[in-house]
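Down below is the structure, laid out as structure tokens.
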Amino acid sequence: MSANEQGQHQLDAIIIGAGFSGLYQMHCLRDQQGLSVLGLDMADGVGGTWYWNRYPGARCDSESHSYAYYFSDTLLQAWTWSERYPGQAEILRYLNFVADHYDLKRSFRFKTKVVSAQYQEAENLWLVTTDSGEHYRASFLISAVGNLSAANLPSIAGLDRFKGQWYHTGQWPHEGVDFSGQRVAVVGTGSTGIQAIPVIAAQAQQLTVFQRTANYSIPAQNGPLDEAFIAYCKSRPDEIRKIMHATTNGHPFYIQERSALDVSEEERLAIYEEAWETGGLRFRSSFKDLLTSEAANKTAADFIRTKIKSIIRDPKKADLLSDIDHPFAAKRPPIDTDYFETYNLAHVDLVNLREDPIVSITEDGIQTNQTHYAFDAIVFATGFDAMTRPLLNLNLKGRKGQSLSNAWQAGPSNYLGLQVPGFPNFFMVTGPGSPSVLANMPVAIEQHVEWISACIAYLRSRGVASIEAREDACERWMHEVNAAAAATLLPKAKHSWYLGANIPGKPRIFMPYAGGMAQYRRRCESVTASGYEGFALQ
């Protein structure tokens with residue numbers, strides 16, 4: 001039955017999103033439970049964030065052998081990654097491979113935007129309306145829209161009069177962009193900017209980077225996977241899966257059980273040097289207390305600042321790029337390929353927006369308080385309205401017509417990052433309140449999808465019509481989320497999108513659960529074992 005034909009009938013479930021989350025959710029409900037399921041996505045193909053984020057240098061910061069589905073050994077054997085950190089194109093090929101392997105695309109309707117979803121209380125159904133005016137009804141509604149899918153374009157006066165080309169990294173042209181011979185501005189030095197800047201610099205005649213907040217970054221030390229490592233991954237998936245399920249962040253390596261303060265300075269520096277040469281997020285695993293002790297964190301921060309200054313030859317640039325206002329890893333720490341080295345190139349300049357903020361975009365460039373800069377192209381590497389905006393964009397209305405935007409006026413109140421009181425039978429995959437963006441995302445996604453799928457099977461097997469998070473459980477969970485964050489240095493990054501600080505007017509609340517993926521998994525298992533404690537079943 002086609003998606004259009006399905007739209008004329010009541011469905012068991014509707015899934016919004018066709019990325020890592022939506023594809024696995026479709027497989028679990030359609031193939032494993034035999035339910036009638038329809039997927040909806042704005043893109044014209046699968047991929048989710050990897051469909052849209054095609055900017056130069058777009059690359060994953062999880063190691064490729066862990067950035068994959070682990071629910072199927074068959075899939076693991078059938079796919080071989082080429083690099084330690086896969087690029088956007090390879091990840092998109094992988095997701096298309098998975099979709100084709102399970103014949104998932106036939107159950108999705110692409111180029112379809114959800115404009116509203118309303119809970120019909122009398123019928124206990126969700127009514128979903130698309131931008132083409134079609135209506136779909138389903139018992140269960142599942143958001144798999146991702147956390148980083150709503151591009152944040154800063155409100156700067158004059159952008160509409162710029163006569164050159166401008167781009168946002170999260171909405172990159174599929175045909176690519178050739179910056180050869182052009183004067184290019186990049187606004188933003190978060191993870192995206194750090195990946196894109198070296199690649200754009202290799203093309204552009206002149207590159208000017210506008211930095212508001214300096215960032216730590218660790219060299220990725222990326223490269224092709226050798227045959228021995230590929231053989232290890234193919235032969236020991238159970239071991240890798242066990243490590244990812246046992247660790248705080250879902251990555252395929254353990255955090256060392258030692259304090260940065262319990263070793264001599266000489267030994268500590270040697271450990272950091274080795275971690276720097278190893279590269280990537282493994283640097284964070286050097287010591288157990290980098291995110292819980294300011295003194296321990298300072299040792300890592302000082303080491304990285306020293307590295308930055310040793311790489312960059314221009315003292316002024318080195319000072320700007322090492323003047324970092326937050327603890328190391330209090331923001332998701334970027335990993336890079338030649339990011340700091342790029343500032344040694346004669347045609348690459350750096351502007352400090354703290355001292356000289358942007359006033360407006362002009363017809364031919366950018367005007368700051370002090371200077372006018374002429375450009376042929378502007379790239380906004382300004383990130384996303386993360387975690388909440390993709391959900392709010394669905395225009396959800398629950399019981400008594402309550403909108404999600406009203407329910408979340410003071411912040412994204414939820415239970416386990418899975419449900420919101422007043423919105424029965426609506427589930428979020430890796431929503432705010434779950435580890436999500438603090439973890440290796442496929443690990444978090446698999447856990448969430450499997451929990452949601454098991455919950456729906458439980459309800460159907462017992463003739464339970466609806467499940468809804470209870471207000472008291474939600475309040476307790478929000479307290480736990482806040483307490484988990486407060487036990488770390490994460491809230492000390494005042495300009496972090498974890499707090500919504502990159503969006504004017506957004507409530508300043510630490511959104512993800514910082515208690516760790518392994519602890520969160522145990523908590524969800526306990527809730528299930530208790531007959532879904534904290535949920536109202538009717």
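By order in the structure tokens, chains are A, B, ...; within a chain, residues start at 1; ligands start at 1, following the order shown.
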Next on the checklist: Could you list, as a PyMOL selection string, every residue within 8 Å of Glu63 (chain A), counting only C-alpha atoms and ignoring same-chain residues fewer than 6 positions away?
Outcome noted: chain A and resi 84-86
Item to check | Shell around Asp302 (chain A) at 12 Å using only C-alpha atoms, local window under 2 positions removed, as a list in words | outcome: Tyr216, Arg268, Leu269, Tyr272, Glu294, Ala295, Ala296, Asn297, Lys298, Thr299, Ala300, Ile304, Arg305, Thr306, Lys307, Ile308, Lys309, Ser322, Asp323, Ile324, His326, Pro327 and Phe328 of chain A
Generate the output file for the selected residues, C-alpha atoms, as a PDB file, in the first residue's frame.
ATOM      1  CA  TYR A 216      38.915  24.053  22.358  1.00  0.00           C
ATOM      2  CA  ARG A 268      50.084  14.084  33.293  1.00  0.00           C
ATOM      3  CA  LEU A 269      51.692  15.964  30.402  1.00  0.00           C
ATOM      4  CA  TYR A 272      47.947  14.422  27.409  1.00  0.00           C
ATOM      5  CA  GLU A 294      37.609  22.424  38.087  1.00  0.00           C
ATOM      6  CA  ALA A 295      41.195  21.823  39.136  1.00  0.00           C
ATOM      7  CA  ALA A 296      41.445  18.657  37.039  1.00  0.00           C
ATOM      8  CA  ASN A 297      39.748  20.350  34.108  1.00  0.00           C
ATOM      9  CA  LYS A 298      42.197  23.239  34.257  1.00  0.00           C
ATOM     10  CA  THR A 299      45.082  20.864  33.589  1.00  0.00           C
ATOM     11  CA  ALA A 300      43.479  19.791  30.308  1.00  0.00           C
ATOM     12  CA  ILE A 304      45.182  22.661  24.973  1.00  0.00           C
ATOM     13  CA  ARG A 305      45.697  26.422  25.221  1.00  0.00           C
ATOM     14  CA  THR A 306      49.448  25.838  25.186  1.00  0.00           C
ATOM     15  CA  LYS A 307      49.044  23.646  22.106  1.00  0.00           C
ATOM     16  CA  ILE A 308      47.015  26.331  20.334  1.00  0.00           C
ATOM     17  CA  LYS A 309      49.668  28.948  21.030  1.00  0.00           C
ATOM     18  CA  SER A 322      43.142  30.458  23.096  1.00  0.00           C
ATOM     19  CA  ASP A 323      41.069  32.979  25.097  1.00  0.00           C
ATOM     20  CA  ILE A 324      38.433  30.375  25.941  1.00  0.00           C
ATOM     21  CA  HIS A 326      34.516  27.833  29.539  1.00  0.00           C
ATOM     22  CA  PRO A 327      35.918  24.592  30.939  1.00  0.00           C
ATOM     23  CA  PHE A 328      37.202  22.007  28.494  1.00  0.00           C
TER      24      PHE A 328
END
Checklist entry - DSSP says helix (DSSP H, G or I) for which residues of region 244-486 of chain A? Put them as a ChimeraX atom specification? => result /A:244-246,265-278,280-286,294-311,315-322,339-342,389-392,399-401,404-407,436-438,441-461,471-486
Keeping C-alpha atoms, export the residues of the selection given above as a short mmCIF file (atom, residue, chain, number, x, y, z; two decimals), in the first residue's frame.
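Saved to again_29.cif:
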data_model
loop_
_atom_site.label_atom_id
_atom_site.label_comp_id
_atom_site.auth_asym_id
_atom_site.auth_seq_id
_atom_site.Cartn_x
_atom_site.Cartn_y
_atom_site.Cartn_z
CA MET A 244 29.47 1.25 24.28
CA HIS A 245 26.62 0.13 26.52
CA ALA A 246 28.78 0.33 29.64
CA GLU A 265 52.86 16.97 36.28
CA GLU A 266 55.40 15.13 34.14
CA GLU A 267 53.20 12.02 33.92
CA ARG A 268 50.08 14.08 33.29
CA LEU A 269 51.69 15.96 30.40
CA ALA A 270 52.90 12.69 28.91
CA ILE A 271 49.35 11.30 29.10
CA TYR A 272 47.95 14.42 27.41
CA GLU A 273 50.61 14.33 24.72
CA GLU A 274 49.79 10.72 23.92
CA ALA A 275 46.07 11.54 23.86
CA TRP A 276 46.71 14.52 21.55
CA GLU A 277 48.59 12.27 19.14
CA THR A 278 45.85 9.63 19.37
CA GLY A 280 39.58 12.64 18.74
CA LEU A 281 37.21 12.41 21.68
CA ARG A 282 39.44 9.84 23.37
CA PHE A 283 41.31 12.85 24.76
CA ARG A 284 38.42 13.30 27.22
CA SER A 285 38.94 9.79 28.54
CA SER A 286 42.45 10.52 29.81
CA GLU A 294 37.61 22.42 38.09
CA ALA A 295 41.20 21.82 39.14
CA ALA A 296 41.44 18.66 37.04
CA ASN A 297 39.75 20.35 34.11
CA LYS A 298 42.20 23.24 34.26
CA THR A 299 45.08 20.86 33.59
CA ALA A 300 43.48 19.79 30.31
CA ALA A 301 42.40 23.32 29.38
CA ASP A 302 45.90 24.71 30.01
CA PHE A 303 47.44 21.92 27.94
CA ILE A 304 45.18 22.66 24.97
CA ARG A 305 45.70 26.42 25.22
CA THR A 306 49.45 25.84 25.19
CA LYS A 307 49.04 23.65 22.11
CA ILE A 308 47.01 26.33 20.33
CA LYS A 309 49.67 28.95 21.03
CA SER A 310 52.43 26.64 19.86
CA ILE A 311 50.66 26.02 16.54
CA PRO A 315 50.63 36.08 18.63
CA LYS A 316 47.45 38.14 18.29
CA LYS A 317 45.56 35.29 16.58
CA ALA A 318 46.98 32.82 19.07
CA ASP A 319 45.73 34.92 21.98
CA LEU A 320 42.24 35.26 20.47
CA LEU A 321 41.90 31.56 19.68
CA SER A 322 43.14 30.46 23.10
CA TYR A 339 41.89 23.98 12.13
CA PHE A 340 44.45 25.99 14.10
CA GLU A 341 47.08 25.51 11.39
CA THR A 342 44.72 27.27 8.94
CA ARG A 389 12.88 23.80 17.99
CA PRO A 390 12.60 20.70 15.74
CA LEU A 391 9.79 19.47 18.02
CA LEU A 392 8.11 22.85 18.38
CA ARG A 399 -5.16 17.24 25.52
CA LYS A 400 -7.66 20.13 25.48
CA GLY A 401 -5.77 21.70 22.60
CA LEU A 404 3.70 22.02 23.08
CA SER A 405 5.04 25.58 22.84
CA ASN A 406 2.84 26.58 25.80
CA ALA A 407 3.72 23.44 27.74
CA SER A 436 21.16 12.28 23.38
CA VAL A 437 23.69 14.94 22.35
CA LEU A 438 26.02 14.10 25.26
CA MET A 441 24.03 9.25 18.98
CA PRO A 442 23.42 5.80 17.40
CA VAL A 443 23.81 4.18 20.82
CA ALA A 444 21.31 6.60 22.35
CA ILE A 445 18.96 6.19 19.38
CA GLU A 446 18.96 2.39 19.53
CA GLN A 447 18.19 2.42 23.24
CA HIS A 448 15.30 4.89 22.79
CA VAL A 449 13.79 3.18 19.75
CA GLU A 450 13.93 -0.21 21.43
CA TRP A 451 12.31 1.17 24.59
CA ILE A 452 9.51 2.86 22.61
CA SER A 453 8.94 -0.25 20.50
CA ALA A 454 8.79 -2.52 23.55
CA CYS A 455 6.39 -0.09 25.22
CA ILE A 456 4.02 -0.10 22.24
CA ALA A 457 4.15 -3.92 22.12
CA TYR A 458 3.35 -4.03 25.84
CA LEU A 459 0.37 -1.71 25.44
CA ARG A 460 -1.05 -3.60 22.48
CA SER A 461 -0.62 -7.00 24.08
CA GLU A 471 3.13 15.41 35.97
CA ASP A 472 4.70 14.29 39.25
CA ALA A 473 7.09 11.93 37.45
CA CYS A 474 7.98 14.71 35.07
CA GLU A 475 8.77 17.09 37.92
CA ARG A 476 10.97 14.50 39.62
CA TRP A 477 12.80 13.78 36.36
CA MET A 478 13.44 17.45 35.68
CA HIS A 479 14.93 17.68 39.17
CA GLU A 480 17.20 14.73 38.33
CA VAL A 481 18.24 16.30 35.02
CA ASN A 482 19.18 19.53 36.80
CA ALA A 483 20.98 17.68 39.58
CA ALA A 484 22.96 15.58 37.09
CA ALA A 485 24.08 18.70 35.24
CA ALA A 486 24.94 20.51 38.48
#
Checklist entry - Quick one: residues within 7 Å of region 111-124 of chain A, only C-alpha atoms counted, chain neighbours fewer than 2 positions away excluded, as a list in words? => result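 Within the cut-off, the hits are Leu40, Asp41, Met42, Ala43, Asp44, Arg109, Trp126, Leu127, Val128, Thr129, Thr130, Asp131, Ser139, Leu394, Asn395, Leu396, Lys397, Gly398 and Arg399 of chain A.
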Taking a cut-off of 9 Å and counting only C-alpha atoms, can you build a table that, for each residue of region 193-262 of chain A near region 343-359 of chain A, reports the nearest atom pair and how far apart they are in Å (one decimal), sorted by chain then residue number, as a tab-separated table?
residue	atom	partner	partner_atom	distance
A:Pro198	CA	A:Tyr343	CA	8.8
A:Ala201	CA	A:Val348	CA	7.1
A:Ala204	CA	A:His347	CA	8.4
A:Gln205	CA	A:His347	CA	6.8
A:Gln206	CA	A:His347	CA	5.0
A:Leu207	CA	A:Val348	CA	4.8
A:Thr208	CA	A:Asp349	CA	4.6
A:Val209	CA	A:Leu350	CA	4.8
A:Phe210	CA	A:Val351	CA	4.8
A:Gln211	CA	A:Asn352	CA	5.3
A:Arg212	CA	A:Leu353	CA	4.8
A:Thr213	CA	A:Arg354	CA	8.0
Checklist entry - Using only C-alpha atoms, which of A:Gly17, A:Pro237, A:Gly463, A:Gly223 sits nearest Phe71 (chain A)? => result A:Pro237
Next on the checklist: Going by DSSP on the backbone, which residues of region 301-496 of chain A come out as strand (DSSP E)? List them as an MDAnalysis selection string.
Outcome noted: chainID A and resid 335:336 348:352 358:362 365:368 372:374 377:380 396:397 426:428 467:469
Next on the checklist: Using only C-alpha atoms for the distances, tell me which of A:Trp81, A:Tyr70, A:Gln367, A:Arg106 is nearest to Arg30 (chain A).
Outcome noted: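 Between A:Trp81, A:Tyr70, A:Gln367, A:Arg106, the residue approaching Arg30 (chain A) most closely is A:Arg106.
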Item to check | Shell around Ile467 (chain A) at 9 Å using only C-alpha atoms, local window under 6 positions removed, as a list of chain:residue names | outcome: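 The filter keeps A:Phe423, A:Pro424, A:Asn425, A:Phe426, A:Cys455, A:Leu459, A:Phe535, A:Ala536, A:Leu537, A:Gln538.
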Those same residues, written as a PDB file, in the first residue's frame with all heavy atoms?
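New file again.pdb:
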ATOM      1  N   PHE A 423       0.277  14.807  26.464  1.00  0.00           N
ATOM      2  CA  PHE A 423       0.426  14.397  25.064  1.00  0.00           C
ATOM      3  C   PHE A 423       0.474  12.863  24.990  1.00  0.00           C
ATOM      4  O   PHE A 423       1.535  12.263  24.786  1.00  0.00           O
ATOM      5  CB  PHE A 423       1.691  15.016  24.455  1.00  0.00           C
ATOM      6  CG  PHE A 423       1.618  16.518  24.357  1.00  0.00           C
ATOM      7  CD1 PHE A 423       1.850  17.322  25.472  1.00  0.00           C
ATOM      8  CD2 PHE A 423       1.290  17.137  23.159  1.00  0.00           C
ATOM      9  CE1 PHE A 423       1.756  18.704  25.400  1.00  0.00           C
ATOM     10  CE2 PHE A 423       1.195  18.519  23.070  1.00  0.00           C
ATOM     11  CZ  PHE A 423       1.427  19.302  24.191  1.00  0.00           C
ATOM     12  N   PRO A 424      -0.679  12.215  25.166  1.00  0.00           N
ATOM     13  CA  PRO A 424      -0.717  10.752  25.211  1.00  0.00           C
ATOM     14  C   PRO A 424      -0.242  10.113  23.896  1.00  0.00           C
ATOM     15  O   PRO A 424      -0.488  10.656  22.811  1.00  0.00           O
ATOM     16  CB  PRO A 424      -2.206  10.450  25.435  1.00  0.00           C
ATOM     17  CG  PRO A 424      -2.802  11.721  25.924  1.00  0.00           C
ATOM     18  CD  PRO A 424      -2.004  12.820  25.305  1.00  0.00           C
ATOM     19  N   ASN A 425       0.430   8.993  24.032  1.00  0.00           N
ATOM     20  CA  ASN A 425       0.851   8.192  22.879  1.00  0.00           C
ATOM     21  C   ASN A 425       1.771   8.950  21.928  1.00  0.00           C
ATOM     22  O   ASN A 425       1.916   8.576  20.757  1.00  0.00           O
ATOM     23  CB  ASN A 425      -0.361   7.653  22.108  1.00  0.00           C
ATOM     24  CG  ASN A 425      -1.125   6.607  22.895  1.00  0.00           C
ATOM     25  OD1 ASN A 425      -0.662   6.156  23.950  1.00  0.00           O
ATOM     26  ND2 ASN A 425      -2.296   6.227  22.410  1.00  0.00           N
ATOM     27  N   PHE A 426       2.388  10.017  22.420  1.00  0.00           N
ATOM     28  CA  PHE A 426       3.394  10.743  21.645  1.00  0.00           C
ATOM     29  C   PHE A 426       4.759  10.475  22.270  1.00  0.00           C
ATOM     30  O   PHE A 426       4.969  10.706  23.463  1.00  0.00           O
ATOM     31  CB  PHE A 426       3.111  12.244  21.643  1.00  0.00           C
ATOM     32  CG  PHE A 426       4.250  13.065  21.105  1.00  0.00           C
ATOM     33  CD1 PHE A 426       4.628  12.973  19.775  1.00  0.00           C
ATOM     34  CD2 PHE A 426       4.963  13.931  21.941  1.00  0.00           C
ATOM     35  CE1 PHE A 426       5.693  13.717  19.282  1.00  0.00           C
ATOM     36  CE2 PHE A 426       6.023  14.673  21.455  1.00  0.00           C
ATOM     37  CZ  PHE A 426       6.384  14.568  20.131  1.00  0.00           C
ATOM     38  N   CYS A 455       7.533  -0.694  24.538  1.00  0.00           N
ATOM     39  CA  CYS A 455       6.394  -0.094  25.220  1.00  0.00           C
ATOM     40  C   CYS A 455       5.114  -0.249  24.392  1.00  0.00           C
ATOM     41  O   CYS A 455       4.068  -0.646  24.913  1.00  0.00           O
ATOM     42  CB  CYS A 455       6.681   1.380  25.485  1.00  0.00           C
ATOM     43  SG  CYS A 455       5.313   2.277  26.252  1.00  0.00           S
ATOM     44  N   LEU A 459       1.712  -2.299  25.429  1.00  0.00           N
ATOM     45  CA  LEU A 459       0.372  -1.706  25.444  1.00  0.00           C
ATOM     46  C   LEU A 459      -0.594  -2.525  24.592  1.00  0.00           C
ATOM     47  O   LEU A 459      -1.719  -2.830  25.007  1.00  0.00           O
ATOM     48  CB  LEU A 459       0.421  -0.269  24.934  1.00  0.00           C
ATOM     49  CG  LEU A 459       1.301   0.733  25.695  1.00  0.00           C
ATOM     50  CD1 LEU A 459       1.282   2.085  25.001  1.00  0.00           C
ATOM     51  CD2 LEU A 459       0.839   0.873  27.141  1.00  0.00           C
ATOM     52  N   PHE A 535       4.229   6.633  34.415  1.00  0.00           N
ATOM     53  CA  PHE A 535       3.332   6.812  33.274  1.00  0.00           C
ATOM     54  C   PHE A 535       1.910   6.426  33.679  1.00  0.00           C
ATOM     55  O   PHE A 535       1.718   5.491  34.468  1.00  0.00           O
ATOM     56  CB  PHE A 535       3.749   5.934  32.093  1.00  0.00           C
ATOM     57  CG  PHE A 535       5.054   6.340  31.457  1.00  0.00           C
ATOM     58  CD1 PHE A 535       6.250   5.739  31.837  1.00  0.00           C
ATOM     59  CD2 PHE A 535       5.085   7.310  30.467  1.00  0.00           C
ATOM     60  CE1 PHE A 535       7.454   6.100  31.255  1.00  0.00           C
ATOM     61  CE2 PHE A 535       6.286   7.682  29.869  1.00  0.00           C
ATOM     62  CZ  PHE A 535       7.477   7.071  30.267  1.00  0.00           C
ATOM     63  N   ALA A 536       0.939   7.130  33.132  1.00  0.00           N
ATOM     64  CA  ALA A 536      -0.463   6.766  33.328  1.00  0.00           C
ATOM     65  C   ALA A 536      -0.901   5.918  32.139  1.00  0.00           C
ATOM     66  O   ALA A 536      -0.813   6.362  30.991  1.00  0.00           O
ATOM     67  CB  ALA A 536      -1.332   8.016  33.424  1.00  0.00           C
ATOM     68  N   LEU A 537      -1.342   4.689  32.435  1.00  0.00           N
ATOM     69  CA  LEU A 537      -1.813   3.771  31.392  1.00  0.00           C
ATOM     70  C   LEU A 537      -3.323   3.651  31.485  1.00  0.00           C
ATOM     71  O   LEU A 537      -3.861   3.416  32.571  1.00  0.00           O
ATOM     72  CB  LEU A 537      -1.163   2.392  31.551  1.00  0.00           C
ATOM     73  CG  LEU A 537       0.245   2.203  30.963  1.00  0.00           C
ATOM     74  CD1 LEU A 537       1.260   3.136  31.597  1.00  0.00           C
ATOM     75  CD2 LEU A 537       0.689   0.744  31.134  1.00  0.00           C
ATOM     76  N   GLN A 538      -3.986   3.835  30.358  1.00  0.00           N
ATOM     77  CA  GLN A 538      -5.457   3.773  30.362  1.00  0.00           C
ATOM     78  C   GLN A 538      -5.944   2.842  29.263  1.00  0.00           C
ATOM     79  O   GLN A 538      -5.449   2.876  28.161  1.00  0.00           O
ATOM     80  CB  GLN A 538      -6.047   5.176  30.160  1.00  0.00           C
ATOM     81  CG  GLN A 538      -5.715   6.125  31.300  1.00  0.00           C
ATOM     82  CD  GLN A 538      -6.344   7.486  31.098  1.00  0.00           C
ATOM     83  OE1 GLN A 538      -7.042   7.720  30.118  1.00  0.00           O
ATOM     84  NE2 GLN A 538      -6.098   8.396  32.029  1.00  0.00           N
TER      85      GLN A 538
END
Checklist entry - Do you know which residues are at most 8 Å from Tyr520 (chain A) counting only C-alpha atoms, after dropping those on the same chain fewer than 4 positions away, and could you put them as a list in words? => result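 The filter keeps Ser434, Pro435, Gly515, Gly516 and Cys524 of chain A.
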Next on the checklist: So that I can check the surroundings of region 140-143 of chain A, please list as a ChimeraX atom specification every protein, DNA and RNA residue that reaches within 7 Å of it, counting only C-alpha atoms and ignoring chain neighbours fewer than 2 positions away.
Outcome noted: /A:12-17,126,138,145,425-429
Next on the checklist: Using only C-alpha atoms, which protein or nucleic acid residues come within 12 Å of Thr80 (chain A)? Drop anything in the same chain fewer than 5 positions from it, and give the result as a PyMOL selection string.
Outcome noted: chain A and resi 64-68+74-75+86+90-91+93-94+97+224-227+229-234
Checklist entry - What does the distance between CA of Arg59 (chain A) and CA of Ala196 (chain A) come to in Å, to one decimal place? => result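 So the two atoms, CA of Arg59 (chain A) and CA of Ala196 (chain A), lie 9.6 Å apart.
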Checklist entry - Using only C-alpha atoms, which of the listed residues (A:Ile366, A:Val186, A:Cys60, A:Leu104) sits closest to Gly87 (chain A)? => result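 Nearest candidate to Gly87 (chain A) out of A:Ile366, A:Val186, A:Cys60, A:Leu104: A:Cys60.
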